[in-house]
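Have a look at run.pdb below; it lists PDB, C-alpha atoms, pLDDT in the B column.
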ATOM      1  CA  MET A   1       0.000   0.000   0.000  1.00 52.00           C
ATOM      2  CA  LYS A   2       2.872   2.379   0.787  1.00 62.00           C
ATOM      3  CA  ASN A   3       4.320   1.856  -2.688  1.00 67.00           C
ATOM      4  CA  ASN A   4       0.960   2.820  -4.203  1.00 76.00           C
ATOM      5  CA  LYS A   5       0.979   6.087  -2.221  1.00 74.00           C
ATOM      6  CA  TRP A   6       4.390   7.023  -3.624  1.00 77.00           C
ATOM      7  CA  ILE A   7       3.266   6.336  -7.189  1.00 81.00           C
ATOM      8  CA  LEU A   8       0.196   8.512  -6.642  1.00 79.00           C
ATOM      9  CA  THR A   9       2.392  11.224  -5.081  1.00 77.00           C
ATOM     10  CA  VAL A  10       4.641  11.274  -8.141  1.00 80.00           C
ATOM     11  CA  LEU A  11       1.556  11.454 -10.362  1.00 83.00           C
ATOM     12  CA  ALA A  12       0.249  14.384  -8.299  1.00 82.00           C
ATOM     13  CA  LEU A  13       3.569  16.187  -8.740  1.00 83.00           C
ATOM     14  CA  PHE A  14       3.477  15.464 -12.451  1.00 85.00           C
ATOM     15  CA  SER A  15      -0.074  16.830 -12.640  1.00 86.00           C
ATOM     16  CA  MET A  16       1.214  20.171 -11.319  1.00 86.00           C
ATOM     17  CA  TYR A  17       3.391  20.471 -14.418  1.00 86.00           C
ATOM     18  CA  ILE A  18       0.514  19.462 -16.691  1.00 89.00           C
ATOM     19  CA  ILE A  19      -1.615  22.212 -15.133  1.00 88.00           C
ATOM     20  CA  THR A  20       1.248  24.655 -15.656  1.00 86.00           C
ATOM     21  CA  VAL A  21       1.678  23.733 -19.316  1.00 87.00           C
ATOM     22  CA  VAL A  22      -2.043  24.073 -20.026  1.00 91.00           C
ATOM     23  CA  MET A  23      -2.220  27.451 -18.293  1.00 89.00           C
ATOM     24  CA  LEU A  24       0.933  28.672 -20.075  1.00 86.00           C
ATOM     25  CA  ILE A  25      -0.551  27.676 -23.452  1.00 89.00           C
ATOM     26  CA  ILE A  26      -3.703  29.650 -22.611  1.00 89.00           C
ATOM     27  CA  CYS A  27      -1.552  32.600 -21.512  1.00 86.00           C
ATOM     28  CA  ALA A  28       0.471  32.407 -24.739  1.00 86.00           C
ATOM     29  CA  SER A  29      -2.652  32.442 -26.889  1.00 87.00           C
ATOM     30  CA  ILE A  30      -4.022  35.443 -24.989  1.00 86.00           C
ATOM     31  CA  THR A  31      -0.667  37.210 -25.291  1.00 84.00           C
ATOM     32  CA  GLU A  32      -0.609  36.584 -29.030  1.00 82.00           C
ATOM     33  CA  LYS A  33      -3.992  38.256 -29.502  1.00 84.00           C
ATOM     34  CA  THR A  34      -3.439  41.206 -27.155  1.00 85.00           C
ATOM     35  CA  ALA A  35      -0.673  43.645 -26.436  1.00 80.00           C
ATOM     36  CA  ILE A  36       0.482  42.704 -22.937  1.00 80.00           C
ATOM     37  CA  SER A  37       3.512  44.446 -21.479  1.00 80.00           C
ATOM     38  CA  ASP A  38       6.522  42.404 -20.388  1.00 77.00           C
ATOM     39  CA  GLU A  39       5.876  43.176 -16.723  1.00 81.00           C
ATOM     40  CA  ASN A  40       2.284  41.958 -16.919  1.00 82.00           C
ATOM     41  CA  LEU A  41       3.403  38.826 -18.742  1.00 82.00           C
ATOM     42  CA  LYS A  42       5.990  38.060 -16.055  1.00 81.00           C
ATOM     43  CA  LEU A  43       3.315  38.574 -13.400  1.00 84.00           C
ATOM     44  CA  ALA A  44       0.929  36.232 -15.223  1.00 85.00           C
ATOM     45  CA  ILE A  45       3.613  33.543 -15.505  1.00 83.00           C
ATOM     46  CA  ASN A  46       4.458  33.810 -11.803  1.00 83.00           C
ATOM     47  CA  LEU A  47       0.766  33.578 -10.893  1.00 88.00           C
ATOM     48  CA  ILE A  48       0.502  30.454 -13.036  1.00 87.00           C
ATOM     49  CA  TYR A  49       3.408  28.911 -11.141  1.00 85.00           C
ATOM     50  CA  ILE A  50       1.863  29.773  -7.785  1.00 85.00           C
ATOM     51  CA  VAL A  51      -1.664  28.650  -8.729  1.00 88.00           C
ATOM     52  CA  SER A  52      -0.307  25.329 -10.059  1.00 88.00           C
ATOM     53  CA  CYS A  53       1.125  24.449  -6.646  1.00 86.00           C
ATOM     54  CA  PHE A  54      -2.234  24.621  -4.863  1.00 88.00           C
ATOM     55  CA  PRO A  55      -3.862  21.583  -6.541  1.00 88.00           C
ATOM     56  CA  GLY A  56      -0.611  19.639  -6.174  1.00 85.00           C
ATOM     57  CA  GLY A  57      -0.560  20.270  -2.424  1.00 85.00           C
ATOM     58  CA  PHE A  58      -4.254  19.382  -2.242  1.00 87.00           C
ATOM     59  CA  MET A  59      -3.799  16.094  -4.129  1.00 84.00           C
ATOM     60  CA  ILE A  60      -0.732  15.061  -2.159  1.00 83.00           C
ATOM     61  CA  GLY A  61      -2.506  15.916   1.106  1.00 82.00           C
ATOM     62  CA  LYS A  62      -5.421  13.687   0.084  1.00 81.00           C
ATOM     63  CA  ILE A  63      -3.084  10.866  -0.969  1.00 80.00           C
ATOM     64  CA  GLN A  64      -0.822  10.882   2.091  1.00 81.00           C
ATOM     65  CA  ASN A  65      -3.719  11.516   4.515  1.00 79.00           C
ATOM     66  CA  GLU A  66      -1.417  12.721   7.308  1.00 81.00           C
ATOM     67  CA  LYS A  67       0.743  15.812   7.789  1.00 83.00           C
ATOM     68  CA  GLN A  68      -1.012  17.425   4.833  1.00 81.00           C
ATOM     69  CA  CYS A  69       0.578  20.833   5.388  1.00 82.00           C
ATOM     70  CA  GLN A  70       4.090  19.381   5.315  1.00 84.00           C
ATOM     71  CA  TRP A  71       3.313  17.370   2.205  1.00 83.00           C
ATOM     72  CA  GLY A  72       1.907  20.508   0.574  1.00 85.00           C
ATOM     73  CA  ILE A  73       5.102  22.392   1.402  1.00 86.00           C
ATOM     74  CA  PHE A  74       7.048  19.485  -0.120  1.00 84.00           C
ATOM     75  CA  ALA A  75       4.955  19.716  -3.293  1.00 85.00           C
ATOM     76  CA  GLY A  76       5.553  23.463  -3.686  1.00 86.00           C
ATOM     77  CA  THR A  77       9.238  23.121  -2.857  1.00 87.00           C
ATOM     78  CA  PHE A  78       9.777  20.267  -5.294  1.00 86.00           C
ATOM     79  CA  TYR A  79       7.892  22.136  -8.019  1.00 84.00           C
ATOM     80  CA  CYS A  80      10.036  25.217  -7.524  1.00 83.00           C
ATOM     81  CA  PHE A  81      13.226  23.139  -7.375  1.00 85.00           C
ATOM     82  CA  VAL A  82      12.463  21.709 -10.825  1.00 83.00           C
ATOM     83  CA  LEU A  83      11.768  25.262 -12.046  1.00 80.00           C
ATOM     84  CA  LEU A  84      15.147  26.273 -10.648  1.00 80.00           C
ATOM     85  CA  LEU A  85      16.858  23.455 -12.563  1.00 81.00           C
ATOM     86  CA  GLY A  86      15.104  24.589 -15.741  1.00 77.00           C
ATOM     87  CA  ASN A  87      16.151  28.160 -15.065  1.00 72.00           C
ATOM     88  CA  MET A  88      19.757  27.055 -14.667  1.00 73.00           C
ATOM     89  CA  GLY A  89      19.516  25.377 -18.057  1.00 72.00           C
ATOM     90  CA  VAL A  90      18.163  28.581 -19.599  1.00 66.00           C
ATOM     91  CA  MET A  91      20.889  30.581 -17.870  1.00 65.00           C
ATOM     92  CA  ALA A  92      23.531  28.377 -19.479  1.00 62.00           C
ATOM     93  CA  VAL A  93      22.127  29.276 -22.907  1.00 62.00           C
ATOM     94  CA  ASN A  94      21.022  32.903 -22.446  1.00 62.00           C
ATOM     95  CA  LYS A  95      21.784  34.840 -19.253  1.00 62.00           C
ATOM     96  CA  GLU A  96      19.521  37.755 -20.190  1.00 59.00           C
ATOM     97  CA  ILE A  97      16.234  35.865 -19.907  1.00 55.00           C
ATOM     98  CA  ALA A  98      17.020  33.850 -16.773  1.00 54.00           C
ATOM     99  CA  MET A  99      15.365  34.744 -13.460  1.00 61.00           C
ATOM    100  CA  GLN A 100      17.278  36.715 -10.876  1.00 67.00           C
ATOM    101  CA  ARG A 101      18.170  34.955  -7.626  1.00 67.00           C
ATOM    102  CA  SER A 102      16.050  37.221  -5.428  1.00 72.00           C
ATOM    103  CA  HIS A 103      13.067  36.735  -7.737  1.00 76.00           C
ATOM    104  CA  MET A 104      13.552  32.967  -7.629  1.00 79.00           C
ATOM    105  CA  LEU A 105      13.687  33.005  -3.817  1.00 81.00           C
ATOM    106  CA  ILE A 106      10.391  34.890  -3.600  1.00 84.00           C
ATOM    107  CA  LEU A 107       8.813  32.490  -6.096  1.00 83.00           C
ATOM    108  CA  PHE A 108      10.158  29.549  -4.078  1.00 85.00           C
ATOM    109  CA  ILE A 109       8.522  30.867  -0.895  1.00 87.00           C
ATOM    110  CA  LEU A 110       5.204  31.624  -2.619  1.00 86.00           C
ATOM    111  CA  CYS A 111       5.058  28.196  -4.295  1.00 85.00           C
ATOM    112  CA  SER A 112       5.752  26.525  -0.942  1.00 87.00           C
ATOM    113  CA  ILE A 113       2.989  28.553   0.709  1.00 87.00           C
ATOM    114  CA  SER A 114       0.574  27.736  -2.113  1.00 88.00           C
ATOM    115  CA  GLY A 115       1.315  24.020  -1.792  1.00 86.00           C
ATOM    116  CA  ALA A 116       0.892  24.250   1.988  1.00 87.00           C
ATOM    117  CA  LEU A 117      -2.497  25.942   1.542  1.00 87.00           C
ATOM    118  CA  GLY A 118      -3.527  23.109  -0.776  1.00 87.00           C
ATOM    119  CA  GLY A 119      -2.468  20.581   1.846  1.00 85.00           C
ATOM    120  CA  ILE A 120      -4.299  22.447   4.607  1.00 85.00           C
ATOM    121  CA  THR A 121      -7.418  22.586   2.437  1.00 85.00           C
ATOM    122  CA  SER A 122      -7.272  18.816   1.935  1.00 80.00           C
ATOM    123  CA  ALA A 123      -7.029  18.327   5.709  1.00 73.00           C
ATOM    124  CA  TYR A 124      -9.943  20.712   6.314  1.00 73.00           C
ATOM    125  CA  ASN A 125     -12.000  18.939   3.675  1.00 59.00           C
ATOM    126  CA  LYS A 126     -11.339  15.560   5.347  1.00 57.00           C
ATOM    127  CA  ASN A 127     -12.266  16.849   8.817  1.00 54.00           C
ATOM    128  CA  LYS A 128     -15.425  18.489   7.555  1.00 57.00           C
ATOM    129  CA  ARG A 129     -16.520  15.283   5.815  1.00 55.00           C
ATOM    130  CA  ASP A 130     -15.977  13.245   9.010  1.00 53.00           C
ATOM    131  CA  MET A 131     -18.380  15.437  11.021  1.00 50.00           C
TER
END
Can the structure from this file be put into structure tokens for me?
Amino acid sequence: MKNNKWILTVLALFSMYIITVVMLIICASITEKTAISDENLKLAINLIYIVSCFPGGFMIGKIQNEKQCQWGIFAGTFYCFVLLLGNMGVMAVNKEIAMQRSHMLILFILCSISGALGGITSAYNKNKRDM
């Protein structure tokens, strides 16, 4: 049974990236049709990253069924860590478009908080259902 939980946890983490890709495609199509400034586009991308962590934390909290907040923080942290690895790859190719370290730290904290809120919501949902 424990092995099944880990497979579901990995699938929940993977689903966070699927949500991100879908939302980024929608954002790209909106950007193509409208004239959005670079600052607004960066804000939209960061919001997509943060919003994508919430369902991941929620799903992992439901799967693990204990310490949901900590599992949500893990989900947001892992998500941001993979983003950091991708950013390092971009930085190796083009340093001008890579994220700054301070910006990445803020995004890391916000993604962790978003995942934690998803985990807390899954715990609240479980407790409310048990009443």
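Interatomic distance, CA of Ala116 in chain A to CA of Phe81 in chain A: 15.5 Å.
Take CA of Leu47 in chain A and CA of Lys5 in chain A: the distance between them is 28.8 Å.
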The PyMOL selection byres ((chain A and resi 121) around 12) applied to the shown file, residues as a ChimeraX atom specification: /A:54-62,65,67-69,71-72,114-120,122-128
Two-atom distance - CA of Leu24 in chain A, CA of Ile7 in chain A (Å):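 Distance reported for this atom pair: 25.9 Å.
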Close residues, Gly76 in chain A itself excluded, 6 Å, all atoms listed in the file, min 5 positions apart in chain, as a PyMOL selection string: chain A and resi 53+111-112+115
Residue members of the PyMOL selection byres ((chain A and resi 83) around 12) in the file shown, as a list in words: Met16, Tyr17, Thr20, Asn46, Tyr49, Ile50, Cys53, Gly76, Thr77, Phe78, Tyr79, Cys80, Phe81, Val82, Leu84, Leu85, Gly86, Asn87, Met88, Gly89, Val90, Ala98, Met99, Met104, Leu105, Leu107, Phe108 and Cys111 of chain A
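Of the residues listed (A:Ala44, A:Ile63, A:Ile73, A:Ser102), A:Ala44 shows the shortest atom-to-atom separation from Ile26 in chain A; distances use all atoms listed in the file.
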